[in-house]
>>> print(open('entry_14.csv').read())   # CSV, C-alpha atoms and all ligand atoms
chain,number,residue,atom,x,y,z
A,16,MET,CA,4.1,0.7,29.9
A,17,SER,CA,7.7,1.9,29.9
A,18,LEU,CA,8.6,5.6,29.9
A,19,ARG,CA,9.7,5.3,26.2
A,20,GLU,CA,6.3,3.8,25.3
A,21,CYS,CA,4.5,6.6,27.2
A,22,PHE,CA,6.3,9.2,25.1
A,23,VAL,CA,5.7,7.3,21.9
A,24,ALA,CA,2.0,7.0,22.8
A,25,LEU,CA,1.8,10.7,23.5
A,26,GLY,CA,3.6,11.5,20.3
A,27,ASP,CA,1.2,9.2,18.3
A,28,LEU,CA,-1.7,11.2,19.6
A,29,VAL,CA,-0.3,14.4,18.4
A,30,LEU,CA,1.3,13.2,15.2
A,31,PRO,CA,0.5,9.6,14.2
A,32,ARG,CA,3.4,7.6,12.8
A,33,HIS,CA,2.9,5.6,9.6
A,34,CYS,CA,4.8,2.8,7.9
A,35,PRO,CA,6.7,4.4,5.0
A,36,VAL,CA,6.3,1.2,2.9
A,37,CYS,CA,2.5,0.5,3.1
A,38,GLY,CA,1.3,3.7,4.7
A,39,ARG,CA,-0.5,1.9,7.6
A,40,ARG,CA,-0.5,3.5,11.0
A,41,LEU,CA,2.2,2.1,13.3
A,42,THR,CA,1.2,0.5,16.6
A,43,LEU,CA,2.9,1.4,19.8
A,44,SER,CA,5.5,-1.4,19.6
A,45,GLU,CA,6.4,-0.9,15.9
A,46,ARG,CA,9.4,1.2,15.1
A,47,HIS,CA,9.9,2.8,11.6
A,48,LEU,CA,8.2,-0.1,9.7
A,49,CYS,CA,5.1,-2.2,10.4
A,50,LEU,CA,5.7,-5.8,11.3
A,51,THR,CA,4.3,-7.1,8.0
A,52,CYS,CA,6.6,-4.9,5.9
A,53,ARG,CA,9.5,-5.6,8.2
A,54,SER,CA,9.1,-9.4,7.7
A,55,ASP,CA,8.8,-8.9,3.9
A,56,ILE,CA,11.9,-6.8,3.3
A,57,PRO,CA,13.3,-8.0,-0.1
A,58,TYR,CA,16.9,-8.6,0.9
A,59,THR,CA,19.3,-8.9,-2.0
A,60,HIS,CA,21.9,-11.2,-0.3
A,61,PHE,CA,24.4,-9.7,-2.6
A,62,TRP,CA,26.9,-9.5,0.3
A,63,GLU,CA,27.1,-13.3,0.1
A,64,ARG,CA,28.0,-13.4,-3.6
A,65,ASP,CA,31.2,-12.1,-5.1
A,66,HIS,CA,29.5,-11.8,-8.5
A,67,ASN,CA,26.0,-10.4,-8.4
A,68,PRO,CA,24.0,-8.1,-10.8
A,69,MET,CA,25.2,-5.0,-8.9
A,70,ALA,CA,28.8,-6.0,-8.9
A,71,ASP,CA,28.6,-6.8,-12.6
A,72,LYS,CA,27.2,-3.4,-13.5
A,73,TYR,CA,29.6,-1.5,-11.2
A,74,ASN,CA,32.7,-3.4,-12.5
A,75,ALA,CA,31.6,-2.9,-16.2
A,76,ARG,CA,31.3,0.9,-15.5
A,77,ILE,CA,34.8,0.9,-14.0
A,78,ARG,CA,36.3,-1.1,-17.0
A,79,GLU,CA,34.9,1.6,-19.3
A,80,GLN,CA,37.0,4.3,-17.6
A,81,ILE,CA,40.4,2.6,-17.1
A,82,PRO,CA,43.1,2.6,-19.7
A,83,ASP,CA,43.9,-0.8,-21.5
A,84,GLY,CA,46.5,-2.9,-19.7
A,85,VAL,CA,45.9,-1.4,-16.3
A,86,GLU,CA,45.1,-4.1,-13.7
A,87,GLU,CA,42.1,-3.1,-11.5
A,88,ALA,CA,41.2,-5.0,-8.4
A,89,TYR,CA,37.6,-6.4,-8.7
A,90,GLY,CA,35.2,-4.1,-6.7
A,91,HIS,CA,32.8,-5.9,-4.5
A,92,ALA,CA,29.2,-4.5,-4.4
A,93,ALA,CA,26.2,-5.1,-2.2
A,94,ALA,CA,22.9,-3.5,-1.4
A,95,LEU,CA,20.6,-4.3,1.5
A,96,PHE,CA,17.3,-4.6,-0.4
A,97,TYR,CA,15.7,-4.4,-3.8
A,98,TYR,CA,12.9,-2.2,-5.0
A,99,ASN,CA,11.2,-1.4,-8.3
A,100,SER,CA,8.8,1.4,-9.3
A,101,GLU,CA,5.8,-0.5,-7.9
A,102,SER,CA,7.4,-1.4,-4.6
A,103,GLY,CA,6.6,0.5,-1.4
A,104,TYR,CA,10.2,-0.1,-0.3
A,105,LYS,CA,11.3,2.7,-2.6
A,106,ASN,CA,9.9,5.0,0.1
A,107,ILE,CA,12.7,4.0,2.5
A,108,PRO,CA,15.5,5.8,0.6
A,109,GLN,CA,13.0,8.6,-0.4
A,110,ALA,CA,12.1,9.2,3.3
A,111,LEU,CA,15.8,9.3,4.2
A,112,LYS,CA,16.5,11.7,1.4
A,113,TYR,CA,13.5,14.1,1.5
A,114,ARG,CA,11.8,13.7,4.8
A,115,SER,CA,14.7,13.7,7.3
A,116,ALA,CA,13.9,10.1,8.4
A,117,LEU,CA,17.3,9.8,10.0
A,118,GLY,CA,16.3,7.2,12.6
A,119,LEU,CA,15.0,4.9,9.8
A,120,GLY,CA,18.1,5.5,7.7
A,121,ARG,CA,20.4,4.7,10.6
A,122,GLU,CA,18.5,1.5,11.4
A,123,PHE,CA,18.8,0.2,7.9
A,124,ALA,CA,22.4,1.3,7.7
A,125,ALA,CA,23.2,-0.8,10.8
A,126,GLN,CA,21.4,-3.7,9.1
A,127,LEU,CA,23.6,-3.2,6.0
A,128,GLY,CA,26.7,-2.8,8.1
A,129,ALA,CA,26.1,-6.0,10.1
A,130,ARG,CA,25.7,-8.0,6.9
A,131,LEU,CA,28.8,-6.5,5.4
A,132,ALA,CA,30.8,-7.3,8.6
A,133,SER,CA,29.7,-10.9,8.4
A,134,SER,CA,30.8,-11.2,4.8
A,135,GLY,CA,34.3,-12.2,3.9
A,136,LEU,CA,34.2,-9.8,0.9
A,137,PHE,CA,34.0,-6.7,3.1
A,138,ALA,CA,35.8,-7.8,6.3
A,139,ASP,CA,39.1,-6.0,5.4
A,140,VAL,CA,37.5,-2.6,4.5
A,141,ASP,CA,39.5,0.0,6.4
A,142,LEU,CA,38.0,3.3,5.0
A,143,VAL,CA,34.3,4.1,4.4
A,144,VAL,CA,33.6,7.1,2.1
A,145,PRO,CA,30.2,8.6,1.4
A,146,VAL,CA,29.3,10.0,-2.0
A,147,PRO,CA,29.4,13.7,-1.2
A,148,LEU,CA,26.6,16.2,-1.9
A,149,HIS,CA,27.4,19.6,-3.4
A,150,TRP,CA,27.6,22.1,-0.5
A,151,ARG,CA,24.5,23.9,-1.9
A,152,ARG,CA,22.4,20.7,-1.7
A,153,ARG,CA,23.8,19.7,1.7
A,154,TRP,CA,23.0,23.2,3.0
A,155,GLY,CA,19.4,22.9,1.7
A,156,ARG,CA,18.8,19.5,3.2
A,157,GLY,CA,20.9,19.9,6.3
A,158,TYR,CA,22.6,16.5,6.0
A,159,ASN,CA,24.0,14.1,3.4
A,160,GLN,CA,22.0,10.9,3.4
A,161,ALA,CA,25.0,8.9,2.2
A,162,ALA,CA,27.1,10.1,5.1
A,163,VAL,CA,24.4,9.1,7.5
A,164,ILE,CA,24.6,5.6,6.1
A,165,ALA,CA,28.4,5.5,5.8
A,166,GLU,CA,28.9,6.6,9.4
A,167,ARG,CA,26.9,3.5,10.7
A,168,VAL,CA,28.5,1.1,8.2
A,169,ALA,CA,32.0,2.3,9.2
A,170,ALA,CA,31.2,1.6,12.9
A,171,CYS,CA,30.0,-1.9,12.0
A,172,LEU,CA,33.1,-2.7,10.0
A,173,ASP,CA,35.4,-1.1,12.6
A,174,ALA,CA,36.8,1.1,9.7
A,175,ARG,CA,37.6,4.8,9.5
A,176,PHE,CA,34.8,7.1,8.4
A,177,GLY,CA,36.1,9.2,5.6
A,178,ARG,CA,33.5,12.0,5.6
A,179,THR,CA,35.8,14.5,4.0
A,180,VAL,CA,37.8,12.3,1.6
A,181,LEU,CA,35.7,13.3,-1.5
A,182,ARG,CA,34.2,16.6,-2.6
A,183,ARG,CA,31.6,17.2,-5.2
A,184,LEU,CA,32.8,20.0,-7.4
A,185,ARG,CA,29.8,20.6,-9.6
A,186,TYR,CA,26.2,21.2,-8.7
A,187,THR,CA,24.3,18.7,-10.8
A,188,HIS,CA,20.6,18.8,-11.3
A,189,SER,CA,18.4,16.2,-9.6
A,190,GLN,CA,19.1,13.0,-11.4
A,191,THR,CA,15.5,11.9,-11.4
A,192,THR,CA,14.9,14.4,-14.2
A,193,VAL,CA,17.9,13.3,-16.3
A,194,GLY,CA,17.9,10.4,-18.7
A,195,MET,CA,20.3,7.4,-18.2
A,196,GLU,CA,22.9,8.4,-20.9
A,197,LYS,CA,22.9,12.0,-19.8
A,198,LYS,CA,23.3,11.0,-16.2
A,199,ALA,CA,26.7,9.4,-16.8
A,200,SER,CA,28.1,12.5,-18.5
A,201,ASN,CA,26.4,14.6,-15.9
A,202,VAL,CA,28.5,13.2,-13.0
A,203,SER,CA,31.7,12.2,-14.8
A,204,GLY,CA,34.5,14.4,-13.4
A,205,ALA,CA,32.2,15.9,-10.7
A,206,PHE,CA,34.3,14.6,-7.8
A,207,ARG,CA,37.8,15.1,-6.4
A,208,VAL,CA,39.8,13.7,-3.5
A,209,VAL,CA,40.5,16.6,-1.1
A,210,ASP,CA,41.6,14.7,2.0
A,211,ARG,CA,43.7,11.6,1.3
A,212,VAL,CA,43.5,9.0,4.0
A,213,GLU,CA,45.7,5.8,4.0
A,214,ALA,CA,43.7,2.7,3.0
A,215,ARG,CA,43.9,-0.8,1.5
A,216,HIS,CA,40.2,-1.4,0.9
A,217,ILE,CA,37.9,1.5,0.4
A,218,LEU,CA,34.1,1.2,0.6
A,219,LEU,CA,32.1,3.8,-1.2
A,220,ILE,CA,28.6,4.4,0.1
A,221,ASP,CA,25.4,5.8,-1.5
A,222,ASP,CA,21.7,5.5,-0.7
A,223,THR,CA,20.6,3.8,-3.9
A,224,PHE,CA,22.3,2.0,-6.8
A,225,THR,CA,20.5,2.6,-10.2
A,226,THR,CA,23.0,2.8,-13.1
A,227,GLY,CA,26.1,3.0,-11.1
A,228,SER,CA,27.3,6.2,-12.8
A,229,THR,CA,27.6,8.3,-9.7
A,230,LEU,CA,29.7,5.6,-7.9
A,231,ALA,CA,31.8,5.1,-11.0
A,232,ALA,CA,32.5,8.8,-11.1
A,233,CYS,CA,33.6,8.6,-7.4
A,234,HIS,CA,35.8,5.6,-8.2
A,235,GLN,CA,37.4,7.6,-11.0
A,236,ALA,CA,38.3,10.4,-8.6
A,237,LEU,CA,39.7,8.0,-6.0
A,238,ARG,CA,41.7,6.1,-8.6
A,239,GLN,CA,43.6,9.3,-9.4
A,240,VAL,CA,45.0,9.3,-5.9
A,241,TYR,CA,45.0,5.6,-4.9
A,242,PRO,CA,47.1,2.9,-6.8
A,243,PRO,CA,45.3,-0.1,-8.4
A,244,SER,CA,46.3,-2.3,-5.5
A,245,VAL,CA,43.8,-0.5,-3.3
A,246,ARG,CA,40.4,-2.2,-3.8
A,247,ILE,CA,37.4,0.2,-4.2
A,248,SER,CA,34.1,-1.5,-3.4
A,249,VAL,CA,30.6,-0.1,-3.1
A,250,ALA,CA,27.5,-0.6,-0.9
A,251,THR,CA,24.1,1.0,-0.9
A,252,LEU,CA,20.9,0.7,1.1
A,253,SER,CA,18.8,-0.2,-2.0
A,254,TYR,CA,19.2,-1.6,-5.5
A,255,VAL,CA,16.8,-0.8,-8.2
A,256,GLY,CA,15.9,-4.1,-9.8
A,257,PRO,CA,13.6,-7.1,-9.8
A,301,ZN,ZN,4.0,-1.5,6.3
>>> encode(input="entry_14.csv", output="structure tokens")
Amino acid sequence: MSLRECFVALGDLVLPRHCPVCGRRLTLSERHLCLTCRSDIPYTHFWERDHNPMADKYNARIREQIPDGVEEAYGHAAALFYYNSESGYKNIPQALKYRSALGLGREFAAQLGARLASSGLFADVDLVVPVPLHWRRRWGRGYNQAAVIAERVAACLDARFGRTVLRRLRYTHSQTTVGMEKKASNVSGAFRVVDRVEARHILLIDDTFTTGSTLAACHQALRQVYPPSVRISVATLSYVGP
């Protein structure tokens, strides 16, 4: 038994670790997820496809907010895995967001980053920007889950990590309690660029892609500062879908 295993075994006695997806108790050799759930991760493979359901939704949102006649570079979009309301995989972003599961988040962010780095669509990304939290929410939680993901992804892509590029101006209520239509108007105009960093291809990062309205609102803020020749793509850990 290695020293690490000794510590894990000791920790397991005091506070048993559980798989966030199925709830089963983890064995000594399992990290973050049990082996069954790890082998069943529903990967999207969106990073291999220029046009995919997430990219279609994201680009449709962007088209709604740009004036007629303005050329907009197609934004690439990829998530690591799918989940729906019945899937235990929804607990991965939840654990990162509400239970400080930073190790789990960083591991999945590295998985996402490795796939983006191997994809020709994202290879030229030179700036990675997390969707910011309002300072009140960040203060309450102690960290921004999107920044935790973005930092790892930036390292994998050998790109700059633009932690302070965007700022959230308005404190918006938890979106789980807001309807779809309301959600878009809720976040529109909520962000502003406060620290402009030179870039040719920006990658926006969030934990989960549902309607795309938060990412579209961030796109809107970036576009006020960056010309249309700068591509703005998006990546998330999870995608709510089939
Ligand atoms: Zn499991």
>>> residues_around(input="entry_14.csv", residues="Gln80 (chain A)", least_positions_apart="6", cutoff="10 Å", atoms="only C-alpha atoms", output="VMD selection string")
chain A and resid 203 231 to 232 234 to 235
>>> residues_near_point(input="entry_14.csv", point="(6.0, -0.7, 14.0)", cutoff="12 Å", atoms="all atoms listed in the file", output="ChimeraX atom specification")
/A:23,27,31-54,119
>>> residues_around(input="entry_14.csv", residues="Ala162 (chain A)", least_positions_apart="2", cutoff="10 Å", atoms="all atoms listed in the file", output="short mmCIF file (atom, residue, chain, number, x, y, z; two decimals) with C-alpha atoms, keeping the file's coordinate frame")
data_model
loop_
_atom_site.label_atom_id
_atom_site.label_comp_id
_atom_site.auth_asym_id
_atom_site.auth_seq_id
_atom_site.Cartn_x
_atom_site.Cartn_y
_atom_site.Cartn_z
CA VAL A 143 34.30 4.10 4.40
CA VAL A 144 33.60 7.10 2.10
CA PRO A 145 30.20 8.60 1.40
CA VAL A 146 29.30 10.00 -2.00
CA PRO A 147 29.40 13.70 -1.20
CA LEU A 148 26.60 16.20 -1.90
CA TYR A 158 22.60 16.50 6.00
CA ASN A 159 24.00 14.10 3.40
CA GLN A 160 22.00 10.90 3.40
CA ILE A 164 24.60 5.60 6.10
CA ALA A 165 28.40 5.50 5.80
CA GLU A 166 28.90 6.60 9.40
CA ARG A 167 26.90 3.50 10.70
CA VAL A 168 28.50 1.10 8.20
CA PHE A 176 34.80 7.10 8.40
CA GLY A 177 36.10 9.20 5.60
CA ARG A 178 33.50 12.00 5.60
CA THR A 179 35.80 14.50 4.00
CA ILE A 220 28.60 4.40 0.10
CA ASP A 221 25.40 5.80 -1.50
CA ASP A 222 21.70 5.50 -0.70
#
>>> atom_distance(input="entry_14.csv", atom1="CA of Leu172 (chain A)", atom2="CA of Ala132 (chain A)")
5.3 Å
>>> atom_distance(input="entry_14.csv", atom1="CA of Val209 (chain A)", atom2="CA of Arg183 (chain A)")
9.8 Å
>>> closest_residue(input="entry_14.csv", among="A:Tyr73, A:Tyr104, A:Tyr97, A:Phe61", to="ligand ZN 301 (chain A)", atoms="all atoms listed in the file")
A:Tyr104
>>> residues_around(input="entry_14.csv", residues="Leu237 (chain A)", least_positions_apart="4", cutoff="12 Å", atoms="all atoms listed in the file", output="VMD selection string")
chain A and resid 77 144 146 180 to 182 204 to 214 216 to 219 230 to 233 241 to 243 245 to 248
>>> atom_distance(input="entry_14.csv", atom1="CA of Asn106 (chain A)", atom2="CA of Ala70 (chain A)")
23.6 Å
>>> residues_around(input="entry_14.csv", residues="Ser134 (chain A)", least_positions_apart="4", cutoff="12 Å", atoms="all atoms listed in the file", output="list in words")
His60, Phe61, Trp62, Glu63, Arg64, Asp65, His91, Ala92, Ala93, Leu127, Gly128, Ala129, Arg130, Ala138, Asp139, Val140, Cys171 and Leu172 of chain A
>>> closest_residue(input="entry_14.csv", among="A:Asn99, A:Ala250, A:Val202, A:Met16", to="Ala236 (chain A)", atoms="only C-alpha atoms")
A:Val202
>>> closest_residue(input="entry_14.csv", among="A:Arg238, A:Leu18, A:Ala125, A:Tyr254", to="Glu86 (chain A)", atoms="all atoms listed in the file")
A:Arg238
>>> closest_residue(input="entry_14.csv", among="A:Val163, A:Leu142, A:Ile81, A:Cys21", to="Arg175 (chain A)", atoms="all atoms listed in the file")
A:Leu142
>>> residues_near_point(input="entry_14.csv", point="(25.8, 18.8, -9.6)", cutoff="10 Å", atoms="only C-alpha atoms", output="JSON, numbers by chain")
{"A": [148, 149, 150, 151, 152, 183, 184, 185, 186, 187, 188, 189, 190, 201, 202, 205, 206]}
>>> closest_residue(input="entry_14.csv", among="A:Ser133, A:Gly103, A:Arg19, A:Tyr89", to="ligand ZN 301 (chain A)", atoms="all atoms listed in the file")
A:Gly103
>>> closest_residue(input="entry_14.csv", among="A:Leu117, A:Leu95, A:Ile107, A:Asp71", to="ligand ZN 301 (chain A)", atoms="only C-alpha atoms and all ligand atoms")
A:Ile107
